[in-house]
$ cat my_file26.cif   # mmCIF, C-alpha atoms and all ligand atoms
data_final
loop_
_atom_site.label_atom_id
_atom_site.label_comp_id
_atom_site.auth_asym_id
_atom_site.auth_seq_id
_atom_site.Cartn_x
_atom_site.Cartn_y
_atom_site.Cartn_z
CA MET O 28 1.54 -32.10 -37.73
CA GLN O 29 0.63 -28.56 -38.59
CA ARG O 30 0.08 -27.90 -34.93
CA ILE O 31 3.63 -29.02 -34.09
CA THR O 32 5.06 -26.80 -36.80
CA LEU O 33 3.08 -23.89 -35.40
CA SER O 34 4.28 -24.65 -31.89
CA ILE O 35 7.89 -24.77 -33.03
CA LEU O 36 7.42 -21.54 -34.89
CA ALA O 37 5.90 -19.95 -31.80
CA ILE O 38 8.77 -21.16 -29.62
CA LEU O 39 11.33 -19.86 -32.11
CA LEU O 40 9.62 -16.50 -32.28
CA LEU O 41 9.41 -16.28 -28.52
CA ALA O 42 13.04 -17.29 -28.07
CA GLY O 43 14.10 -14.80 -30.71
CA GLY O 44 12.09 -12.11 -29.00
CA LEU O 45 13.61 -12.93 -25.64
CA ALA O 46 17.12 -12.93 -27.07
CA TRP O 47 16.43 -9.59 -28.68
CA VAL O 48 15.10 -8.15 -25.41
CA TRP O 49 18.07 -9.59 -23.54
CA LEU O 50 20.54 -8.09 -25.98
CA VAL O 51 18.92 -4.69 -26.04
CA ASP O 52 17.85 -4.37 -22.40
CA ALA O 53 20.87 -5.83 -20.66
CA PRO O 54 23.84 -3.76 -21.64
CA GLU O 55 27.04 -4.69 -19.87
CA THR O 56 26.94 -1.94 -17.34
CA VAL O 57 25.98 -0.82 -13.89
CA SER O 58 22.47 0.56 -13.54
CA ILE O 59 20.88 2.66 -10.83
CA ASP O 60 17.39 2.73 -9.36
CA GLN O 61 15.62 4.96 -6.81
CA ALA O 62 18.45 7.51 -6.88
CA ARG O 63 17.38 10.25 -4.50
CA ILE O 64 18.52 12.92 -2.06
CA ARG O 65 16.36 13.34 1.03
CA LEU O 66 16.16 17.08 1.53
CA LEU O 67 17.09 18.58 4.88
CA PRO O 68 16.74 22.33 5.46
CA GLY O 69 19.81 24.50 5.96
CA ASP O 70 23.38 24.13 4.78
CA GLY O 71 24.21 20.90 6.62
CA PRO O 72 24.99 17.64 4.87
CA GLN O 73 22.37 15.80 2.80
CA ALA O 74 22.06 12.06 2.36
CA GLY O 75 21.88 10.30 -1.02
CA TYR O 76 20.35 6.85 -1.50
CA PHE O 77 20.00 4.39 -4.38
CA VAL O 78 20.06 0.77 -5.52
CA LEU O 79 22.98 -0.15 -7.77
CA GLN O 80 22.79 -3.21 -9.99
CA ASN O 81 25.94 -4.71 -11.46
CA ASN O 82 24.93 -6.14 -14.85
CA THR O 83 28.49 -6.91 -15.89
CA ARG O 84 30.14 -10.31 -15.69
CA GLN O 85 32.70 -9.28 -13.13
CA ALA O 86 32.78 -7.65 -9.73
CA VAL O 87 32.99 -3.88 -9.67
CA ARG O 88 33.83 -1.62 -6.80
CA LEU O 89 32.10 1.67 -6.06
CA GLN O 90 35.05 3.87 -5.10
CA SER O 91 33.82 7.42 -4.78
CA ALA O 92 31.16 9.93 -5.71
CA ASP O 93 31.26 13.50 -6.87
CA SER O 94 28.80 16.21 -7.88
CA PRO O 95 29.22 19.73 -9.25
CA LEU O 96 26.54 20.82 -6.75
CA PHE O 97 28.41 19.70 -3.63
CA ASN O 98 31.85 20.43 -2.19
CA ARG O 99 32.45 16.76 -1.58
CA ILE O 100 30.67 13.46 -1.20
CA MET O 101 31.74 10.64 1.09
CA LEU O 102 30.61 7.02 1.25
CA HIS O 103 29.23 6.53 4.75
CA GLN O 104 27.65 3.81 6.78
CA THR O 105 25.53 4.32 9.89
CA ARG O 106 26.33 1.70 12.49
CA ILE O 107 24.41 1.07 15.69
CA ARG O 108 26.36 -0.77 18.38
CA ASP O 109 24.95 -1.27 21.87
CA GLY O 110 22.30 1.37 21.23
CA GLN O 111 24.97 3.87 20.18
CA SER O 112 24.80 5.25 16.65
CA GLN O 113 27.66 6.60 14.56
CA MET O 114 28.72 7.07 10.95
CA ASP O 115 31.77 5.29 9.56
CA HIS O 116 33.68 6.06 6.36
CA LEU O 117 33.60 3.38 3.69
CA GLN O 118 36.71 2.98 1.52
CA GLY O 119 34.60 1.44 -1.24
CA VAL O 120 31.81 -1.05 -1.75
CA GLU O 121 32.14 -4.15 -3.89
CA ILE O 122 29.26 -5.41 -6.03
CA THR O 123 29.75 -8.95 -7.26
CA ALA O 124 28.72 -9.87 -10.83
CA GLY O 125 24.95 -9.81 -11.32
CA ASP O 126 24.41 -8.56 -7.77
CA SER O 127 23.09 -5.30 -6.35
CA ILE O 128 23.73 -3.11 -3.31
CA GLU O 129 21.39 -0.69 -1.60
CA PHE O 130 22.18 2.63 0.00
CA ALA O 131 19.17 3.16 2.29
CA PRO O 132 18.19 5.19 5.40
CA GLY O 133 19.89 3.88 8.53
CA GLY O 134 22.63 2.12 6.55
CA MET O 135 24.94 3.09 3.72
CA HIS O 136 24.47 6.60 2.36
CA LEU O 137 26.20 9.23 0.29
CA MET O 138 27.20 11.95 2.74
CA MET O 139 26.85 15.05 0.57
CA VAL O 140 28.53 18.05 2.13
CA GLY O 141 28.41 21.74 1.22
CA ALA O 142 25.67 22.27 -1.38
CA ASN O 143 26.72 25.29 -3.41
CA GLN O 144 23.15 26.26 -4.21
CA PRO O 145 19.86 25.76 -2.35
CA LEU O 146 18.10 22.55 -3.33
CA GLU O 147 14.37 22.18 -3.86
CA ILE O 148 12.07 19.19 -3.95
CA GLY O 149 12.00 17.78 -7.47
CA ASP O 150 15.45 19.12 -8.46
CA LEU O 151 17.65 16.72 -10.39
CA VAL O 152 21.21 16.59 -9.11
CA PRO O 153 23.91 15.01 -11.29
CA VAL O 154 26.13 12.65 -9.29
CA THR O 155 29.12 10.89 -10.83
CA LEU O 156 29.96 7.52 -9.34
CA GLU O 157 33.44 6.15 -9.90
CA PHE O 158 33.91 2.40 -10.17
CA SER O 159 36.91 0.18 -10.59
CA ASP O 160 36.97 -3.42 -11.80
CA LYS O 161 39.40 -6.22 -11.03
CA ASP O 162 41.98 -4.82 -13.45
CA ASN O 163 41.74 -1.50 -11.60
CA GLN O 164 40.18 0.06 -14.67
CA ALA O 165 38.35 3.15 -13.54
CA ARG O 166 34.97 3.93 -15.00
CA GLN O 167 32.73 6.88 -14.28
CA LEU O 168 28.98 6.91 -14.65
CA THR O 169 26.83 9.97 -14.08
CA PHE O 170 23.29 9.58 -12.75
CA GLU O 171 20.57 12.04 -11.86
CA PHE O 172 19.40 12.03 -8.24
CA ILE O 173 15.96 13.49 -7.54
CA VAL O 174 15.50 15.66 -4.45
CA VAL O 175 12.68 14.23 -2.29
CA PRO O 176 11.04 15.46 0.93
CA ILE O 177 12.34 14.27 4.30
CA THR O 178 8.93 13.15 5.53
CA PRO O 179 7.21 10.47 3.43
CA MET C 7 3.52 3.98 -3.40
CA LYS C 8 2.46 6.98 -5.42
CA ASN C 9 -1.30 6.42 -5.33
CA PRO C 10 -2.66 8.53 -2.44
CA ILE C 11 -5.91 6.55 -2.26
CA LEU C 12 -4.04 3.26 -2.04
CA ARG C 13 -1.81 4.81 0.61
CA LEU C 14 -4.81 5.99 2.58
CA ALA C 15 -6.44 2.58 2.29
CA ILE C 16 -3.33 0.84 3.60
CA LEU C 17 -2.97 3.40 6.38
CA SER C 18 -6.62 2.95 7.43
CA PHE C 19 -6.20 -0.79 7.36
CA THR C 20 -3.04 -0.57 9.48
CA LEU C 21 -4.78 1.66 11.98
CA PHE C 22 -7.81 -0.60 11.99
CA THR C 23 -5.80 -3.75 12.69
CA ALA C 24 -3.73 -1.84 15.26
CA ALA C 25 -6.96 -0.80 17.00
CA CYS C 26 -8.17 -4.40 17.03
CA GLN C 27 -5.07 -5.67 18.80
CA GLN C 28 -6.04 -4.38 22.22
CA SER C 29 -3.31 -6.29 24.01
CA ALA C 30 -1.35 -4.89 26.90
CA GLU C 31 1.85 -5.64 25.00
CA TRP C 32 4.01 -2.73 23.98
CA HIS C 33 6.00 -2.58 20.75
CA GLY C 34 8.69 -0.63 22.56
CA LYS C 35 10.48 -1.91 25.64
CA ASP C 36 8.66 -1.25 28.91
CA ILE C 37 11.13 0.60 31.16
CA SER C 38 8.62 1.93 33.71
CA GLY C 39 10.42 2.59 36.97
CA LEU C 40 13.81 1.71 35.49
CA MET C 41 14.78 5.28 34.65
CA PRO C 42 14.18 8.57 36.44
CA ASP C 43 11.26 10.89 35.59
CA LEU C 44 11.66 13.52 32.88
CA GLN C 45 13.84 16.33 34.17
CA PHE C 46 16.27 18.65 32.37
CA GLU C 47 17.77 22.11 32.13
CA LEU C 48 18.37 23.00 28.48
CA VAL C 49 18.23 25.86 25.99
CA ASN C 50 15.57 26.12 23.26
CA ASP C 51 16.06 27.32 19.67
CA ARG C 52 15.42 30.93 20.73
CA GLY C 53 18.25 30.77 23.25
CA GLU C 54 15.90 30.66 26.26
CA SER C 55 16.47 28.38 29.25
CA VAL C 56 13.85 25.66 29.43
CA ASN C 57 13.10 22.72 31.67
CA GLU C 58 10.60 19.86 31.81
CA ALA C 59 7.90 22.13 33.24
CA ASP C 60 7.75 23.99 29.91
CA TYR C 61 6.62 20.76 28.23
CA ALA C 62 4.48 19.36 31.04
CA GLY C 63 1.16 17.62 30.42
CA LYS C 64 2.18 15.95 27.18
CA VAL C 65 3.48 12.55 26.22
CA SER C 66 7.16 13.29 25.54
CA LEU C 67 9.55 11.50 23.21
CA LEU C 68 13.17 12.25 24.08
CA PHE C 69 15.76 11.71 21.36
CA PHE C 70 19.46 12.63 21.20
CA GLY C 71 21.18 13.57 17.95
CA PHE C 72 22.77 16.40 15.98
CA THR C 73 21.78 18.34 12.88
CA TYR C 74 24.88 17.43 10.82
CA CYS C 75 23.41 13.93 10.87
CA PRO C 76 21.59 13.48 7.52
CA ASP C 77 20.87 9.76 7.82
CA ILE C 78 19.77 8.16 11.09
CA CYS C 79 18.55 11.27 12.99
CA PRO C 80 16.11 12.44 10.28
CA THR C 81 15.04 8.84 9.68
CA THR C 82 14.07 8.46 13.34
CA LEU C 83 12.49 11.93 13.53
CA ALA C 84 10.49 11.31 10.33
CA GLN C 85 9.33 8.01 11.81
CA LEU C 86 8.16 9.74 15.01
CA ALA C 87 6.48 12.49 13.00
CA ALA C 88 4.69 9.88 10.87
CA ALA C 89 3.56 8.06 14.04
CA ILE C 90 2.11 11.30 15.40
CA ARG C 91 0.31 11.96 12.09
CA ASN C 92 -1.18 8.44 12.39
CA LEU C 93 -2.95 9.53 15.59
CA PRO C 94 -6.45 11.05 15.61
CA GLU C 95 -6.07 14.77 14.92
CA ASP C 96 -7.44 15.89 18.29
CA VAL C 97 -4.69 14.11 20.24
CA GLN C 98 -1.71 14.96 18.02
CA GLN C 99 -1.12 18.12 20.06
CA GLN C 100 -0.74 16.00 23.19
CA VAL C 101 2.53 14.50 21.98
CA GLN C 102 5.84 16.33 22.06
CA VAL C 103 9.14 15.25 20.49
CA LEU C 104 12.20 16.67 22.26
CA PHE C 105 15.13 16.51 19.85
CA ILE C 106 18.23 17.18 21.94
CA SER C 107 21.34 18.14 19.99
CA VAL C 108 24.50 16.91 21.70
CA ASP C 109 26.53 19.08 19.28
CA PRO C 110 25.98 22.61 20.67
CA ALA C 111 29.20 23.89 19.06
CA ARG C 112 27.64 23.64 15.57
CA ASP C 113 23.94 23.55 16.36
CA ASN C 114 22.92 27.12 17.04
CA GLY C 115 19.29 28.12 17.51
CA GLU C 116 18.72 28.82 13.84
CA ARG C 117 20.01 25.42 12.73
CA LEU C 118 18.02 23.67 15.45
CA SER C 119 14.80 25.43 14.59
CA GLN C 120 15.19 24.76 10.82
CA TYR C 121 16.02 21.11 11.35
CA ALA C 122 13.37 20.33 13.97
CA GLY C 123 10.80 22.39 12.05
CA ALA C 124 11.18 20.12 9.01
CA PHE C 125 9.40 17.37 10.97
CA GLY C 126 6.38 19.36 12.11
CA GLU C 127 5.30 21.57 14.96
CA GLN C 128 5.38 18.73 17.51
CA VAL C 129 9.18 18.53 17.27
CA ALA C 130 11.17 20.91 19.49
CA GLY C 131 14.90 21.36 18.93
CA LEU C 132 16.82 21.81 22.19
CA SER C 133 20.45 21.85 23.23
CA GLY C 134 22.53 23.21 26.09
CA SER C 135 25.96 23.55 27.62
CA GLN C 136 28.21 20.51 27.84
CA GLU C 137 27.44 20.43 31.55
CA GLN C 138 23.66 20.44 30.96
CA LEU C 139 23.97 17.76 28.27
CA GLN C 140 26.23 15.61 30.46
CA THR C 141 23.78 15.84 33.34
CA LEU C 142 20.87 14.81 31.11
CA THR C 143 22.62 11.96 29.28
CA ARG C 144 23.99 10.55 32.57
CA ARG C 145 20.50 10.68 33.99
CA TYR C 146 19.26 8.35 31.21
CA ARG C 147 22.49 6.30 31.12
CA VAL C 148 23.40 7.18 27.56
CA THR C 149 26.58 8.73 26.19
CA TYR C 150 27.71 10.87 23.31
CA GLY C 151 31.14 11.60 21.89
CA TYR C 152 32.96 13.48 19.16
CA GLY C 153 35.21 12.01 16.47
CA GLU C 154 38.38 13.70 15.29
CA ALA C 155 37.90 16.65 12.95
CA ASP C 156 38.94 16.01 9.34
CA GLU C 157 40.94 18.46 7.18
CA ASN C 158 37.71 20.44 6.60
CA GLY C 159 36.95 20.76 10.29
CA ASP C 160 34.04 18.31 10.04
CA TYR C 161 33.67 15.79 12.80
CA ASN C 162 31.36 12.93 13.58
CA VAL C 163 29.16 12.66 16.65
CA SER C 164 28.15 9.36 18.21
CA HIS C 165 24.91 9.37 20.12
CA SER C 166 22.23 7.11 21.55
CA SER C 167 19.90 5.71 18.89
CA ALA C 168 16.97 5.06 21.23
CA VAL C 169 13.92 7.19 21.94
CA PHE C 170 12.70 7.49 25.53
CA ALA C 171 8.95 7.86 25.94
CA PHE C 172 7.42 9.54 29.00
CA ASP C 173 3.74 9.72 29.87
CA ASN C 174 1.94 13.03 30.42
CA THR C 175 2.94 13.07 34.09
CA GLY C 176 6.64 12.85 33.16
CA ARG C 177 7.08 9.25 34.23
CA VAL C 178 9.40 7.15 32.07
CA ARG C 179 7.52 4.39 30.23
CA LEU C 180 9.10 3.05 27.05
CA LEU C 181 12.31 2.67 25.13
CA ILE C 182 11.44 2.91 21.44
CA ARG C 183 14.00 1.28 19.18
CA GLU C 184 14.80 2.80 15.80
CA ASP C 185 13.50 -0.29 13.97
CA LEU C 186 9.84 0.05 15.00
CA SER C 187 7.43 1.12 12.27
CA ALA C 188 5.41 4.33 12.44
CA ALA C 189 2.23 2.27 12.95
CA GLN C 190 3.79 0.42 15.89
CA ILE C 191 4.96 3.65 17.48
CA ALA C 192 1.50 5.19 16.92
CA ASP C 193 -0.03 2.18 18.64
CA ASP C 194 2.22 2.68 21.68
CA LEU C 195 1.48 6.43 21.73
CA GLN C 196 -2.26 5.72 21.73
CA LYS C 197 -1.88 3.55 24.81
CA LEU C 198 0.35 6.10 26.54
CA LEU C 199 -2.21 8.83 25.86
CA LYS C 200 -4.91 6.72 27.47
CA GLY C 201 -2.79 6.62 30.63
CU CU W 1 26.95 10.21 7.05
#
$ encode --input "my_file26.cif" --output "C-alpha cells"
Amino acid sequence: MQRITLSILAILLLAGGLAWVWLVDAPETVSIDQARIRLLPGDGPQAGYFVLQNNTRQAVRLQSADSPLFNRIMLHQTRIRDGQSQMDHLQGVEITAGDSIEFAPGGMHLMMVGANQPLEIGDLVPVTLEFSDKDNQARQLTFEFIVVPITP
Amino acid sequence: MKNPILRLAILSFTLFTAACQQSAEWHGKDISGLMPDLQFELVNDRGESVNEADYAGKVSLLFFGFTYCPDICPTTLAQLAAAIRNLPEDVQQQVQVLFISVDPARDNGERLSQYAGAFGEQVAGLSGSQEQLQTLTRRYRVTYGYGEADENGDYNVSHSSAVFAFDNTGRVRLLIREDLSAAQIADDLQKLLKG
C-alpha cells in the first residue's frame, strides 16, 4: 500500500516537474539554432545559415532579414537543374506550427551583401529576422550569428 | 563535432574503410573518352596568360563558378579542399583545383586570388575573356549565363555545378557531382593518382 502511495507521489512529482520544464522551456516563440556566417575573404557577399524552430501554435512566415553590419540581406535558394546551378530569390519561407526549417549550404541561405566592416572568425553579428503570422502581424526577433571559417 | 581527437578518429576510420574498398568502382561518373583532354587559354590572378601546360603533370579538378557566389561555389571548393587534405601529405601537391570564374567583369585578379586562396594553395583562381570562357565551356559542353542586374547593379550568374577531373596526363576521367562527400572524392583522387 505504502509502495503504491510512493509510486503515485513519484509520478505526481515527475509530472509536475515535466509541466514546469514545459512551461519554462517552451515559450511561445520562434527559436534559432546553429546561426552562423561562413566567412569568405574580400568584400563580396557572405552566406548566413541556421535552423529555425517554430514553437508557436500557428504557422509563421519568415519574410526578411536585416543587419546593421550589412547593406542588405536577401533570402536566397541555390537550385541545381540539369547540372546548372543558380540562386533564386525567395519571397518568404513558411514554417508550420511546431515545425522547423533549415538554411544550409547548397540550399536556402541568407545572402548578406555589403559588409560595412571587415568580419573576423568568432565575431557575433546581430541579424534581425522579420516574421508575419496568419493575421499579418509582423514580429521581429534579433539573433546573434557567429562568424565561422569557410573550410571545416 | 568540436572534439579534435574524435574528429581525427572518425577521419582515420573513414580513410581506413575507404582504403579497404579496393573496388574499381568510382564515386564520380566515369567519363573517360567522352570529353576532350584538358586544354584552355585563360588568365591567372596575376593577369598572366596561362594554358594547360602551366598545370601539367598533376591531377586537375576543373570547376566553373564566380566569387560573388557565397553558397554553392565555396561549398564545392571547401569539399574539394577537404578531399585533398584527406590524402597522404606527400601526394597533396600532385592535385590541382582550377577554379574558373565565368564572371570576369567583377572577378579581377585580386578578388580571384583572395577567394581561391581561402581554400588552400592547391586552388588556382583563373578567368579570361568572354571568348576564352566560351571556348572552354563549349569544349566541356557546359554553359553559363547572367541574370538581370537589380537596382544595386548586382546580378546573378548561373554556372555548371559539376567538377571535371583529369588525370596527370590531361585525359578526362570523372565527373564529380556536388553531392559526393570529401572522403568519396579523396577515394577517387587516390585512384586517379595511381594512374
Ligand atoms: Cu545567394
$ residues_near_ligand --input "my_file26.cif" --ligand "ligand CU 1 (chain W)" --cutoff "6 Å" --atoms "all atoms listed in the file" --output "ChimeraX atom specification"
/O:103,114,138
$ atom_distance --input "my_file26.cif" --atom1 "CA of Gly134 in chain C" --atom2 "CA of Leu104 in chain C"
12.8 Å
$ closest_atom_pairs --input "my_file26.cif" --of "chain O" --to "chain C" --cutoff "8 Å" --atoms "all atoms listed in the file" --output "CSV"
residue,atom,partner,partner_atom,distance
O:Leu67,CA,C:Tyr121,CA,7.0
O:Pro68,CA,C:Tyr121,CA,6.1
O:Gly69,CA,C:Gln120,CA,6.7
O:Gly71,CA,C:Tyr74,CA,5.5
O:Pro72,CA,C:Tyr74,CA,6.0
O:Gln73,CA,C:Pro76,CA,5.3
O:Ala74,CA,C:Pro76,CA,5.4
O:Thr105,CA,C:Ile78,CA,7.0
O:Ile107,CA,C:Ser167,CA,7.2
O:Gly110,CA,C:Ser167,CA,5.5
O:Gln111,CA,C:Ser166,CA,4.5
O:Ser112,CA,C:His165,CA,5.4
O:Gln113,CA,C:Ser164,CA,4.6
O:Met114,CA,C:Asn162,CA,6.9
O:Pro132,CA,C:Asp77,CA,5.8
O:Gly133,CA,C:Ile78,CA,5.0
O:Gly134,CA,C:Asp77,CA,7.9
O:His136,CA,C:Asp77,CA,7.3
O:Met138,CA,C:Pro76,CA,7.5
O:Ile177,CA,C:Ala84,CA,7.0
O:Thr178,CA,C:Ala84,CA,5.4
O:Pro179,CA,C:Ala84,CA,7.7
$ atom_distance --input "my_file26.cif" --atom1 "CA of Asp160 in chain O" --atom2 "CA of Gln118 in chain O"
14.8 Å
$ residues_around --input "my_file26.cif" --residues "Asp70 in chain O" --least-positions-apart "6" --cutoff "10 Å" --atoms "only C-alpha atoms" --output "VMD selection string"
(chain O and resid 140 to 146) or (chain C and resid 74 117)
$ closest_residue --input "my_file26.cif" --among "C:Asn114, C:Ser107, C:Gln136, C:Thr143" --to "Arg52 in chain C" --atoms "only C-alpha atoms"
C:Asn114
$ axis_aligned_box --input "my_file26.cif" --around "range 154-157 of chain C" --padding-each-side "8 Å" --output "lines of an AutoDock Vina configuration file"
center_x = 39.4
center_y = 16.1
center_z = 11.2
size_x = 19.0
size_y = 20.8
size_z = 24.1
$ closest_residue --input "my_file26.cif" --among "C:Ser187, C:Ser133, C:Gln100, C:Asn158" --to "Leu67 in chain C" --atoms "only C-alpha atoms"
C:Gln100
$ closest_residue --input "my_file26.cif" --among "C:Ala155, C:Val97, C:Leu86, C:Leu139" --to "Gln190 in chain C" --atoms "all atoms listed in the file"
C:Leu86
$ closest_residue --input "my_file26.cif" --among "C:Val65, C:Leu142, C:Ile90, C:Val56" --to "Gln102 in chain C" --atoms "only C-alpha atoms"
C:Val65
$ residues_around --input "my_file26.cif" --residues "Ile182 in chain C" --least-positions-apart "4" --cutoff "7 Å" --atoms "only C-alpha atoms" --output "ChimeraX atom specification"
/C:34-35,168-170
$ closest_residue --input "my_file26.cif" --among "O:Ile59, O:Ile100, O:Leu156, O:Ile148" --to "Val174 in chain O" --atoms "all atoms listed in the file"
O:Ile148
